[in-house]
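Visitor: Input structure: start.txt, which contains compact mmCIF, C-alpha atoms and all ligand atoms.
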```txt
# COMPACT_ATOMS: atom_id res chain seq x y z
CA MET A 297 49.36 -45.81 -13.68
CA LEU A 298 49.25 -43.07 -11.11
CA LYS A 299 45.80 -41.56 -10.81
CA ARG A 300 44.91 -37.89 -10.85
CA TRP A 301 44.76 -36.46 -7.29
CA GLU A 302 46.80 -39.39 -5.95
CA GLN A 303 49.62 -38.51 -3.54
CA ALA A 304 52.79 -38.90 -5.61
CA PRO A 305 55.23 -41.58 -4.38
CA VAL A 306 57.93 -40.23 -2.08
CA PHE A 307 61.61 -40.73 -2.88
CA LYS A 308 65.03 -39.88 -1.51
CA GLU A 309 67.75 -40.17 -4.13
CA LEU A 310 71.05 -38.54 -5.09
CA ASN A 311 71.30 -35.75 -7.64
CA ASP A 312 74.23 -35.15 -9.96
CA ARG A 313 76.09 -33.25 -7.21
CA GLY A 314 75.79 -36.23 -4.91
CA GLU A 315 73.22 -34.44 -2.69
CA GLU A 316 70.25 -36.33 -1.38
CA ILE A 317 66.98 -34.98 -2.74
CA ASP A 318 63.98 -35.71 -0.51
CA SER A 319 60.73 -35.45 -2.45
CA ARG A 320 58.97 -34.22 0.69
CA ASP A 321 60.97 -31.00 0.39
CA LEU A 322 59.12 -30.33 -2.86
CA ILE A 323 55.82 -29.82 -1.04
CA GLY A 324 54.66 -26.21 -1.26
CA SER A 325 55.70 -25.74 -4.89
CA TYR A 326 54.51 -27.21 -8.15
CA THR A 327 56.88 -29.84 -9.51
CA VAL A 328 57.38 -31.44 -12.90
CA VAL A 329 58.91 -34.91 -12.61
CA TYR A 330 59.98 -36.60 -15.82
CA PHE A 331 61.58 -39.97 -16.45
CA TYR A 332 63.92 -40.49 -19.41
CA PRO A 333 65.91 -43.60 -20.40
CA LYS A 334 69.53 -42.51 -20.76
CA ALA A 335 71.73 -39.43 -20.57
CA PHE A 336 73.58 -38.33 -23.72
CA THR A 337 71.20 -40.14 -26.11
CA PRO A 338 69.63 -37.79 -28.68
CA GLY A 339 66.00 -37.89 -27.47
CA CYS A 340 66.89 -37.55 -23.79
CA THR A 341 69.41 -34.78 -24.46
CA LYS A 342 66.77 -32.90 -26.40
CA GLU A 343 64.16 -33.34 -23.67
CA CYS A 344 66.52 -32.22 -20.88
CA THR A 345 67.74 -29.25 -22.94
CA LEU A 346 64.23 -28.09 -23.79
CA PHE A 347 63.01 -28.39 -20.19
CA SER A 348 66.12 -26.43 -19.08
CA ALA A 349 65.43 -23.67 -21.61
CA GLU A 350 61.85 -23.24 -20.38
CA LEU A 351 62.57 -23.45 -16.63
CA ASP A 352 61.81 -19.78 -15.95
CA HIS A 353 58.49 -20.00 -17.77
CA PHE A 354 57.49 -22.87 -15.53
CA SER A 355 58.43 -21.14 -12.28
CA SER A 356 56.61 -17.87 -12.93
CA LEU A 357 53.31 -18.06 -14.78
CA GLU A 358 51.12 -15.25 -16.03
CA ILE A 359 47.57 -16.46 -15.48
CA ALA A 360 44.72 -14.53 -17.06
CA GLU A 361 40.98 -15.15 -16.80
CA ALA A 362 41.43 -18.64 -15.42
CA ASP A 363 37.71 -19.16 -15.64
CA SER A 364 36.34 -17.22 -18.55
CA SER A 365 32.96 -18.91 -18.16
CA SER A 366 32.15 -16.64 -15.26
CA ALA A 367 32.89 -12.95 -14.90
CA GLU A 368 32.69 -13.40 -11.13
CA THR A 369 35.72 -15.65 -10.98
CA GLY A 370 37.89 -14.28 -13.78
CA PHE A 371 41.16 -12.64 -12.75
CA GLU A 372 44.63 -11.85 -13.89
CA THR A 373 47.66 -12.61 -11.82
CA LEU A 374 51.30 -13.58 -11.87
CA VAL A 375 51.80 -16.80 -9.96
CA GLU A 376 55.21 -17.63 -8.62
CA THR A 377 54.78 -21.38 -8.85
CA GLY A 378 58.41 -21.91 -7.89
CA ALA A 379 58.01 -24.98 -10.08
CA ARG A 380 60.99 -27.30 -10.05
CA ILE A 381 61.68 -29.56 -12.97
CA ILE A 382 63.22 -32.87 -12.05
CA GLY A 383 64.59 -35.29 -14.60
CA ILE A 384 65.08 -38.86 -13.36
CA SER A 385 67.05 -41.57 -15.15
CA PRO A 386 68.93 -44.76 -14.22
CA ASP A 387 72.28 -43.02 -14.88
CA SER A 388 74.82 -42.61 -12.07
CA PRO A 389 75.34 -39.21 -10.37
CA GLU A 390 78.76 -38.97 -12.06
CA THR A 391 77.29 -39.50 -15.53
CA LEU A 392 74.60 -36.96 -14.78
CA ALA A 393 77.22 -34.43 -13.65
CA ARG A 394 78.97 -34.75 -17.03
CA PHE A 395 75.61 -34.61 -18.81
CA ARG A 396 74.76 -31.32 -17.06
CA GLN A 397 78.12 -29.82 -17.83
CA LYS A 398 78.24 -30.75 -21.45
CA HIS A 399 74.76 -29.41 -22.24
CA GLY A 400 74.46 -26.61 -19.68
CA LEU A 401 71.36 -28.22 -18.15
CA ARG A 402 69.41 -26.21 -15.56
CA VAL A 403 66.88 -28.82 -14.45
CA GLU A 404 67.45 -30.97 -11.37
CA LEU A 405 68.92 -34.34 -12.37
CA ILE A 406 68.31 -37.35 -10.15
CA ALA A 407 69.99 -40.73 -10.34
CA ASP A 408 67.70 -43.74 -10.01
CA PRO A 409 70.11 -46.60 -10.81
CA GLN A 410 67.85 -49.25 -9.30
CA ARG A 411 64.83 -47.80 -11.09
CA LYS A 412 63.01 -47.68 -7.74
CA VAL A 413 61.49 -44.27 -8.33
CA ALA A 414 60.58 -45.17 -11.91
CA ALA A 415 58.83 -48.32 -10.63
CA ALA A 416 56.90 -46.34 -8.01
CA TYR A 417 55.68 -43.98 -10.75
CA HIS A 418 54.91 -46.94 -13.10
CA ALA A 419 57.38 -45.41 -15.55
CA LEU A 420 58.81 -48.80 -16.60
CA LYS A 421 58.03 -50.80 -19.70
CA GLU A 422 56.58 -54.31 -19.45
CA ASN A 423 60.05 -55.91 -19.14
CA GLY A 424 60.33 -54.07 -15.80
CA LYS A 425 63.71 -52.65 -16.76
CA SER A 426 63.47 -50.15 -19.62
CA ILE A 427 62.25 -46.67 -18.79
CA LEU A 428 58.91 -45.66 -20.22
CA ARG A 429 59.41 -41.97 -20.98
CA SER A 430 56.86 -40.31 -18.67
CA THR A 431 56.09 -36.92 -17.14
CA PHE A 432 54.04 -35.86 -14.12
CA ILE A 433 52.85 -32.53 -12.80
CA LEU A 434 52.56 -32.47 -9.01
CA ASP A 435 50.74 -29.70 -7.19
CA ARG A 436 51.72 -27.84 -4.02
CA TRP A 437 50.39 -30.74 -1.93
CA GLY A 438 52.45 -33.24 -3.88
CA ARG A 439 49.40 -34.73 -5.58
CA VAL A 440 49.53 -36.00 -9.16
CA ARG A 441 47.52 -33.61 -11.30
CA LYS A 442 48.53 -34.70 -14.78
CA SER A 443 50.55 -37.55 -16.18
CA TRP A 444 51.91 -38.54 -19.58
CA TYR A 445 53.07 -42.12 -20.18
CA GLY A 446 54.97 -42.99 -23.39
CA VAL A 447 56.03 -39.43 -24.13
CA LYS A 448 57.18 -38.26 -27.57
CA VAL A 449 59.79 -35.54 -27.10
CA ASN A 450 58.65 -33.28 -29.94
CA GLY A 451 56.26 -30.66 -28.60
CA HIS A 452 56.24 -32.25 -25.15
CA VAL A 453 57.72 -29.39 -23.11
CA GLU A 454 55.07 -27.06 -24.57
CA GLU A 455 52.26 -29.44 -23.65
CA VAL A 456 53.57 -29.77 -20.08
CA LEU A 457 53.81 -25.99 -19.75
CA ALA A 458 50.25 -25.66 -21.08
CA GLY A 459 49.18 -28.36 -18.58
CA LEU A 460 50.81 -26.52 -15.68
CA ARG A 461 49.21 -23.24 -16.75
CA GLU A 462 45.79 -24.87 -16.80
CA ILE A 463 46.27 -26.49 -13.40
CA VAL A 464 47.63 -23.36 -11.71
CA GLY A 465 44.83 -21.32 -13.30
CA ALA A 466 42.19 -23.69 -11.94
CA ASP A 467 43.87 -23.78 -8.52
CA GLN A 468 44.00 -19.97 -8.29
CA ALA A 469 40.37 -19.50 -9.31
CA ILE A 470 37.54 -19.48 -6.79
CA ASN A 471 36.50 -23.10 -6.41
CA GLN A 472 34.08 -23.96 -9.22
CA GLN A 473 31.45 -25.46 -6.94
CA ILE A 474 31.54 -22.52 -4.54
CA ALA A 475 31.21 -20.14 -7.49
CA TYR A 476 28.28 -22.07 -8.94
CA ARG A 477 26.35 -22.67 -5.71
CA ARG A 478 23.22 -20.61 -5.33
CA ALA A 479 20.18 -20.92 -3.11
CA ARG A 480 18.14 -22.17 -6.08
CA ARG A 481 14.49 -22.99 -5.70
CA ALA A 482 13.55 -24.69 -8.98
CA ILE A 483 13.83 -28.22 -7.57
CA SER A 484 12.58 -31.31 -9.41
CA PRO A 485 10.44 -33.84 -7.50
CA ARG A 486 12.46 -36.67 -9.09
CA THR A 487 13.51 -39.08 -6.33
CA LEU A 488 17.07 -39.19 -5.09
CA LYS A 489 19.10 -42.28 -4.35
CA ARG A 490 19.92 -42.78 -0.69
CA ASP A 491 23.59 -43.47 -1.41
CA GLU A 492 23.90 -40.06 -3.08
CA VAL A 493 22.33 -38.41 -0.05
CA LYS A 494 24.67 -40.36 2.20
CA ARG A 495 27.69 -39.08 0.28
CA ILE A 496 26.47 -35.52 0.66
CA ILE A 497 26.05 -36.02 4.41
CA THR A 498 29.51 -37.61 4.54
CA ALA A 499 30.99 -34.45 2.98
CA ALA A 500 29.32 -32.43 5.73
CA HIS A 501 30.61 -34.84 8.35
CA TRP A 502 34.20 -34.31 7.16
CA SER A 503 33.97 -30.69 8.26
CA SER A 504 36.20 -29.35 11.02
CA SER A 505 34.79 -28.72 14.48
CA CYS A 506 36.02 -27.42 17.81
CA PHE A 507 37.92 -30.26 19.50
CA ASN A 508 36.54 -32.55 16.78
CA ASN A 509 33.22 -32.56 18.65
CA GLN A 510 31.17 -33.09 15.45
CA PRO A 511 28.07 -31.42 16.90
CA TRP A 512 25.91 -31.71 13.75
CA ARG A 513 22.95 -34.12 13.57
CA PHE A 514 20.93 -34.82 10.44
CA ILE A 515 17.56 -36.42 9.82
CA VAL A 516 16.92 -37.19 6.16
CA VAL A 517 13.25 -37.25 5.23
CA ASP A 518 12.57 -38.92 1.89
CA GLN A 519 9.22 -40.63 2.45
CA GLN A 520 6.11 -39.02 1.02
CA VAL A 521 3.92 -39.41 4.10
CA MET A 522 6.34 -37.61 6.38
CA LEU A 523 7.20 -35.00 3.74
CA ALA A 524 3.49 -34.18 3.35
CA LYS A 525 3.13 -33.73 7.14
CA LEU A 526 6.19 -31.46 7.27
CA HIS A 527 4.86 -29.36 4.37
CA GLN A 528 2.06 -28.20 6.66
CA HIS A 529 4.66 -26.45 8.83
CA LEU A 530 6.19 -24.36 6.04
CA PRO A 531 5.31 -20.67 5.58
CA ALA A 532 3.68 -19.65 2.29
CA GLY A 533 6.93 -18.14 0.98
CA ASN A 534 8.63 -21.51 1.11
CA TYR A 535 6.00 -23.21 -1.12
CA TRP A 536 8.82 -24.31 -3.48
CA MET A 537 10.21 -26.67 -0.82
CA LYS A 538 7.17 -28.89 -1.31
CA GLU A 539 8.63 -30.05 -4.64
CA ALA A 540 11.85 -31.35 -3.06
CA PRO A 541 12.13 -35.16 -2.82
CA VAL A 542 14.31 -34.80 0.27
CA LEU A 543 14.26 -32.50 3.29
CA ILE A 544 17.16 -32.68 5.71
CA ALA A 545 16.61 -31.47 9.26
CA VAL A 546 19.86 -30.23 10.80
CA TYR A 547 19.94 -29.91 14.57
CA SER A 548 22.32 -29.65 17.48
CA LYS A 549 22.58 -28.34 21.01
CA VAL A 550 25.06 -26.28 23.04
CA LYS A 551 26.30 -29.36 24.90
CA ASN A 552 27.38 -31.07 21.66
CA ASP A 553 30.32 -28.71 21.20
CA CYS A 554 32.85 -26.38 22.85
CA SER A 555 31.44 -23.80 25.27
CA LEU A 556 34.18 -21.42 26.28
CA LYS A 557 34.27 -19.47 29.55
CA ASP A 558 33.99 -16.14 27.74
CA GLY A 559 30.62 -17.12 26.34
CA ARG A 560 31.54 -18.55 22.96
CA ASP A 561 29.42 -21.57 22.07
CA TYR A 562 30.58 -23.32 18.92
CA TYR A 563 27.72 -25.68 18.03
CA LEU A 564 26.02 -23.27 15.61
CA PHE A 565 29.29 -22.26 13.95
CA ASP A 566 30.46 -25.83 13.47
CA THR A 567 27.10 -27.08 12.22
CA GLY A 568 27.03 -24.14 9.80
CA GLN A 569 30.44 -25.13 8.47
CA ALA A 570 29.19 -28.66 7.89
CA VAL A 571 26.16 -27.37 5.99
CA ALA A 572 28.45 -25.23 3.82
CA LEU A 573 30.44 -28.31 2.82
CA LEU A 574 27.21 -30.18 2.20
CA GLN A 575 26.15 -27.48 -0.26
CA VAL A 576 29.50 -27.60 -2.06
CA GLN A 577 29.30 -31.39 -2.42
CA ALA A 578 25.71 -31.25 -3.61
CA THR A 579 26.63 -28.63 -6.23
CA GLN A 580 29.43 -30.84 -7.50
CA MET A 581 26.99 -33.74 -7.79
CA GLY A 582 24.59 -31.57 -9.78
CA LEU A 583 22.06 -31.14 -6.97
CA ILE A 584 20.44 -28.19 -5.26
CA ALA A 585 20.91 -28.05 -1.50
CA HIS A 586 19.07 -25.01 -0.21
CA PRO A 587 19.09 -24.39 3.57
CA VAL A 588 16.25 -22.34 5.04
CA ALA A 589 15.20 -20.82 8.33
CA GLY A 590 11.56 -20.51 7.29
CA TYR A 591 9.67 -23.38 8.98
CA ASP A 592 7.76 -23.87 12.20
CA GLN A 593 10.46 -25.25 14.48
CA GLN A 594 8.05 -26.75 17.00
CA GLY A 595 5.97 -28.48 14.33
CA PHE A 596 9.04 -29.97 12.67
CA LYS A 597 10.59 -31.05 15.98
CA GLU A 598 7.45 -32.83 17.10
CA LEU A 599 7.01 -34.71 13.85
CA LEU A 600 10.69 -35.69 13.71
CA GLN A 601 10.84 -36.46 17.44
CA ILE A 602 13.75 -34.13 17.99
CA PRO A 603 14.24 -33.67 21.76
CA GLU A 604 13.23 -30.39 23.39
CA GLU A 605 16.78 -29.22 24.25
CA GLU A 606 17.95 -29.48 20.62
CA HIS A 607 17.84 -26.56 18.18
CA LEU A 608 16.54 -27.29 14.71
CA ILE A 609 19.12 -25.02 13.08
CA THR A 610 18.06 -25.36 9.48
CA VAL A 611 16.10 -27.51 7.05
CA ILE A 612 17.73 -28.22 3.71
CA ALA A 613 15.71 -28.81 0.57
CA LEU A 614 17.63 -31.26 -1.61
CA GLY A 615 16.95 -32.37 -5.16
CA TYR A 616 17.82 -32.24 -8.84
CA PRO A 617 17.70 -28.83 -10.52
CA LEU A 618 14.84 -28.07 -12.87
CA GLY A 619 15.50 -26.11 -16.06
CA ASN A 620 11.94 -24.88 -16.17
CA ASP A 621 11.20 -22.52 -13.28
CA VAL A 622 7.66 -21.47 -14.23
CA PHE A 623 6.21 -22.86 -11.00
CA LEU A 624 8.23 -20.31 -9.05
CA SER A 625 6.78 -16.95 -8.09
CA GLU A 626 7.82 -14.06 -10.33
CA GLN A 627 9.94 -12.66 -7.54
CA HIS A 628 11.82 -15.94 -7.10
CA GLN A 629 12.29 -16.35 -10.84
CA GLN A 630 13.82 -12.89 -10.95
CA VAL A 631 16.16 -13.45 -8.00
CA GLU A 632 17.54 -16.61 -9.56
CA ARG A 633 18.10 -15.08 -12.96
CA GLU A 634 20.02 -12.14 -11.52
CA PRO A 635 23.71 -12.39 -10.74
CA ARG A 636 24.69 -13.12 -7.17
CA GLN A 637 24.06 -10.13 -4.88
CA ARG A 638 26.84 -9.35 -2.45
CA LYS A 639 28.08 -6.38 -0.42
CA GLU A 640 31.31 -4.82 -1.65
CA LEU A 641 34.35 -6.69 -0.30
CA GLY A 642 35.43 -3.49 1.48
CA GLN A 643 32.30 -3.67 3.66
CA ILE A 644 33.17 -7.09 5.01
CA LEU A 645 36.96 -7.15 4.76
CA SER A 646 39.61 -5.00 6.36
CA TRP A 647 43.33 -5.57 6.71
CA ASN A 648 45.31 -5.22 9.90
CA GLN A 649 46.20 -1.62 10.75
CA TYR A 650 48.90 -1.71 13.33
CA GLN A 651 50.16 1.57 14.74
CA GLU A 652 52.68 2.12 17.52
C1 LIG A 701 20.22 -19.74 7.42
C2 LIG A 701 19.55 -19.48 6.12
C3 LIG A 701 18.19 -19.32 6.06
C4 LIG A 701 17.55 -19.14 4.83
N1 LIG A 701 16.18 -19.13 4.78
C5 LIG A 701 15.55 -19.11 3.60
C6 LIG A 701 14.14 -19.27 3.51
O1 LIG A 701 13.46 -19.48 4.51
N2 LIG A 701 13.58 -19.24 2.28
C7 LIG A 701 14.29 -19.04 1.15
O2 LIG A 701 13.71 -19.04 0.07
N3 LIG A 701 15.66 -18.91 1.19
C8 LIG A 701 16.30 -18.94 2.38
N4 LIG A 701 17.68 -18.85 2.44
C9 LIG A 701 18.48 -18.59 1.22
C10 LIG A 701 19.06 -17.17 1.23
O3 LIG A 701 18.07 -16.23 0.97
C11 LIG A 701 20.20 -17.09 0.20
O4 LIG A 701 21.23 -17.96 0.58
C12 LIG A 701 20.74 -15.67 0.08
O5 LIG A 701 19.78 -14.83 -0.47
C13 LIG A 701 21.99 -15.59 -0.78
O6 LIG A 701 21.76 -16.11 -2.08
P1 LIG A 701 22.65 -17.29 -2.66
O7 LIG A 701 22.66 -18.40 -1.64
O8 LIG A 701 21.97 -17.70 -3.95
O9 LIG A 701 24.03 -16.75 -2.89
C14 LIG A 701 18.31 -19.04 3.65
C15 LIG A 701 19.70 -19.18 3.72
C16 LIG A 701 20.33 -19.42 4.92
C17 LIG A 701 21.81 -19.64 4.96
```
As structure tokens, how would this structure be written, given the file I've shared?
Guide:
Amino acid sequence: MLKRWEQAPVFKELNDRGEEIDSRDLIGSYTVVYFYPKAFTPGCTKECTLFSAELDHFSSLEIAEADSSSAETGFETLVETGARIIGISPDSPETLARFRQKHGLRVELIADPQRKVAAAYHALKENGKSILRSTFILDRWGRVRKSWYGVKVNGHVEEVLAGLREIVGADQAINQQIAYRRARRAISPRTLKRDEVKRIITAAHWSSSCFNNQPWRFIVVDQQVMLAKLHQHLPAGNYWMKEAPVLIAVYSKVKNDCSLKDGRDYYLFDTGQAVALLQVQATQMGLIAHPVAGYDQQGFKELLQIPEEEHLITVIALGYPLGNDVFLSEQHQQVEREPRQRKELGQILSWNQYQE
């Protein structure tokens, strides 16, 4: 079975007009691909007719409040998905042409006489020959987002449309992890597994950087003795970091990254990008990753033996969230219970204003 998020198999096959359809041309739009056993049979005729009747609803979707769990990310919009609906069967292009004409079909019909495409999508029964009625929703990148194997025609088109609506809604919303991330301070001292920490660092390491210079460097501190020494170099306001089972020192230097002639040095920017991805990954894994600037740089650098020319850009407190925040100061409790504070978009965003 094809897995969710998997890149859908590519194909190049003839449609009922004898034109070659290259699946790579579908990239950029949502696509519904469905496999049916045989043109003109009652079930397949019904399926193709129903998909044809709903084509316009698939290609232009009204999405409202995609994420009603959060007022911050709710929205209402009309999305031109441009969704194509492609029916694939082992029939010949000529048979499919007659099938379209007789039933006024509007979906794309593709001939797969050798069942190559069906095999690639695992839409074959155990005998390796009969078609297993199946449907897939592919996203704009051509990734499988939802699949149905062993489809029953009744009610199916409605469930696929509902599936597409849900996927497009989720895709249009602000990314769930970005929306949920906060600089939380109620961190549990519960120890973290090193492989989890490694995955979080890997997410950071997959960030983009100028010329792929990868300027970021991380030291993960998870041993009590060293943590206790580092705690002595935190200001009073960052008392909450002492609970964290892991502190990550993030450092870099100018020479690690692009330095352009006009004075732009990219090491801070690129390391910052990596830390942003780290926070997103940690949020997804149910962990707090809170970067700070409040620490004595010299004290930390000496203890961690970070060379003089390096900048300790940030220290990240990492750990499981704690439901009970009573150990936090009243001010910190309040900040975390309030909604996210941000300037109005108009203060940080303007659109091009070109005038002759
Ligand atoms: C570079 C940097 C330094 C920060 N330093 C501290 C700090 O020393 N102590 C602290 O409690 N929070 C610190 N924060 C957290 C910010 O205060 C927090 O990100 C900001 O208020 C926005 O809130 P939010 O992240 O919950 O959206 C820092 C964040 C960044 C990115």
Visitor: Sort by chain and increasing residue number a table of all residues of chain A within 7 Å of ligand LIG 701 (chain A), each with its closest pair of atoms and their distance in Å to one decimal, counting all atoms listed in the file, and write it as a tab-separated table.
Guide:
```
residue	atom	partner	partner_atom	distance
A:Arg477	CA	A:LIG701	O8	6.9
A:Arg478	CA	A:LIG701	O8	3.5
A:Ala479	CA	A:LIG701	O8	3.8
A:Arg480	CA	A:LIG701	O8	6.3
A:Gly533	CA	A:LIG701	N2	6.9
A:Asn534	CA	A:LIG701	N2	5.6
A:His586	CA	A:LIG701	C9	6.6
A:Pro587	CA	A:LIG701	C15	5.2
A:Val588	CA	A:LIG701	N1	3.2
A:Ala589	CA	A:LIG701	C3	4.0
A:Gly590	CA	A:LIG701	O1	3.5
A:Thr610	CA	A:LIG701	C1	6.4
A:Arg636	CA	A:LIG701	O9	5.7
A:Gln637	CA	A:LIG701	O9	6.9
```
Visitor: Range 379-393 of chain A: which residues within 8 Å, counting all atoms listed in the file, same-chain residues fewer than 5 positions away excluded, as a PyMOL selection string?
Guide: chain A and resi 310-314+325-335+344+347+351+354-356+403-411+414+427
Visitor: Write out as a PDB file with C-alpha atoms, keeping the file's coordinate frame each polymer residue whose atoms come within 7 Å of Cys554 in chain A, counting only C-alpha atoms; drop sequence neighbours fewer than 6 positions from it.
Guide:
```
ATOM      1  CA  CYS A 506      36.020 -27.420  17.810  1.00  0.00           C
ATOM      2  CA  ASP A 561      29.420 -21.570  22.070  1.00  0.00           C
ATOM      3  CA  TYR A 562      30.580 -23.320  18.920  1.00  0.00           C
TER       4      TYR A 562
END
```
Visitor: Could you list, as a tab-separated table (two decimals) with C-alpha atoms, keeping the file's coordinate frame, every residue within 12 Å of range 546-548 of chain A, counting all atoms listed in the file and ignoring same-chain residues fewer than 2 positions away?
Guide:
```tsv
chain	number	residue	atom	x	y	z
A	497	ILE	CA	26.05	-36.02	4.41
A	500	ALA	CA	29.32	-32.43	5.73
A	501	HIS	CA	30.61	-34.84	8.35
A	509	ASN	CA	33.22	-32.56	18.65
A	510	GLN	CA	31.17	-33.09	15.45
A	511	PRO	CA	28.07	-31.42	16.90
A	512	TRP	CA	25.91	-31.71	13.75
A	513	ARG	CA	22.95	-34.12	13.57
A	514	PHE	CA	20.93	-34.82	10.44
A	515	ILE	CA	17.56	-36.42	9.82
A	516	VAL	CA	16.92	-37.19	6.16
A	517	VAL	CA	13.25	-37.25	5.23
A	543	LEU	CA	14.26	-32.50	3.29
A	544	ILE	CA	17.16	-32.68	5.71
A	550	VAL	CA	25.06	-26.28	23.04
A	551	LYS	CA	26.30	-29.36	24.90
A	552	ASN	CA	27.38	-31.07	21.66
A	553	ASP	CA	30.32	-28.71	21.20
A	561	ASP	CA	29.42	-21.57	22.07
A	562	TYR	CA	30.58	-23.32	18.92
A	563	TYR	CA	27.72	-25.68	18.03
A	564	LEU	CA	26.02	-23.27	15.61
A	565	PHE	CA	29.29	-22.26	13.95
A	566	ASP	CA	30.46	-25.83	13.47
A	567	THR	CA	27.10	-27.08	12.22
A	568	GLY	CA	27.03	-24.14	9.80
A	569	GLN	CA	30.44	-25.13	8.47
A	570	ALA	CA	29.19	-28.66	7.89
A	571	VAL	CA	26.16	-27.37	5.99
A	574	LEU	CA	27.21	-30.18	2.20
A	587	PRO	CA	19.09	-24.39	3.57
A	588	VAL	CA	16.25	-22.34	5.04
A	589	ALA	CA	15.20	-20.82	8.33
A	593	GLN	CA	10.46	-25.25	14.48
A	596	PHE	CA	9.04	-29.97	12.67
A	597	LYS	CA	10.59	-31.05	15.98
A	600	LEU	CA	10.69	-35.69	13.71
A	601	GLN	CA	10.84	-36.46	17.44
A	602	ILE	CA	13.75	-34.13	17.99
A	603	PRO	CA	14.24	-33.67	21.76
A	604	GLU	CA	13.23	-30.39	23.39
A	605	GLU	CA	16.78	-29.22	24.25
A	606	GLU	CA	17.95	-29.48	20.62
A	607	HIS	CA	17.84	-26.56	18.18
A	608	LEU	CA	16.54	-27.29	14.71
A	609	ILE	CA	19.12	-25.02	13.08
A	610	THR	CA	18.06	-25.36	9.48
A	611	VAL	CA	16.10	-27.51	7.05
A	612	ILE	CA	17.73	-28.22	3.71
A	613	ALA	CA	15.71	-28.81	0.57
```
Visitor: Please indicate the distance in Å from CA of Gln472 in chain A to CA of Leu614 in chain A, rounded to one decimal place.
Guide: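 Here the two named atoms are 19.5 Å from each other.
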Visitor: Which one is closest to Thr337 in chain A: A:Phe395, A:Lys538, A:His418, A:Phe623? Count all atoms listed in the file.
Guide: A:Phe395
Visitor: For Leu523 in chain A, which residue out of A:Leu599, A:Val447, A:Met297, A:Val622 is the nearest one, using only C-alpha atoms?
Guide: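 The closest residue to Leu523 in chain A is A:Leu599.
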Visitor: For Met522 in chain A, which residue out of A:Leu618, A:Leu457, A:Val306, A:Val542 is the nearest one, using all atoms listed in the file?
Guide: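 With all atoms listed in the file as the atom set, the closest residue is A:Val542.
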Visitor: Between A:Ile359, A:Leu641, A:Leu573, A:Ala349, which is the closest to Ala458 in chain A once you count all atoms listed in the file?
Guide: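 For Ala458 in chain A, the nearest of the candidates is A:Ile359.
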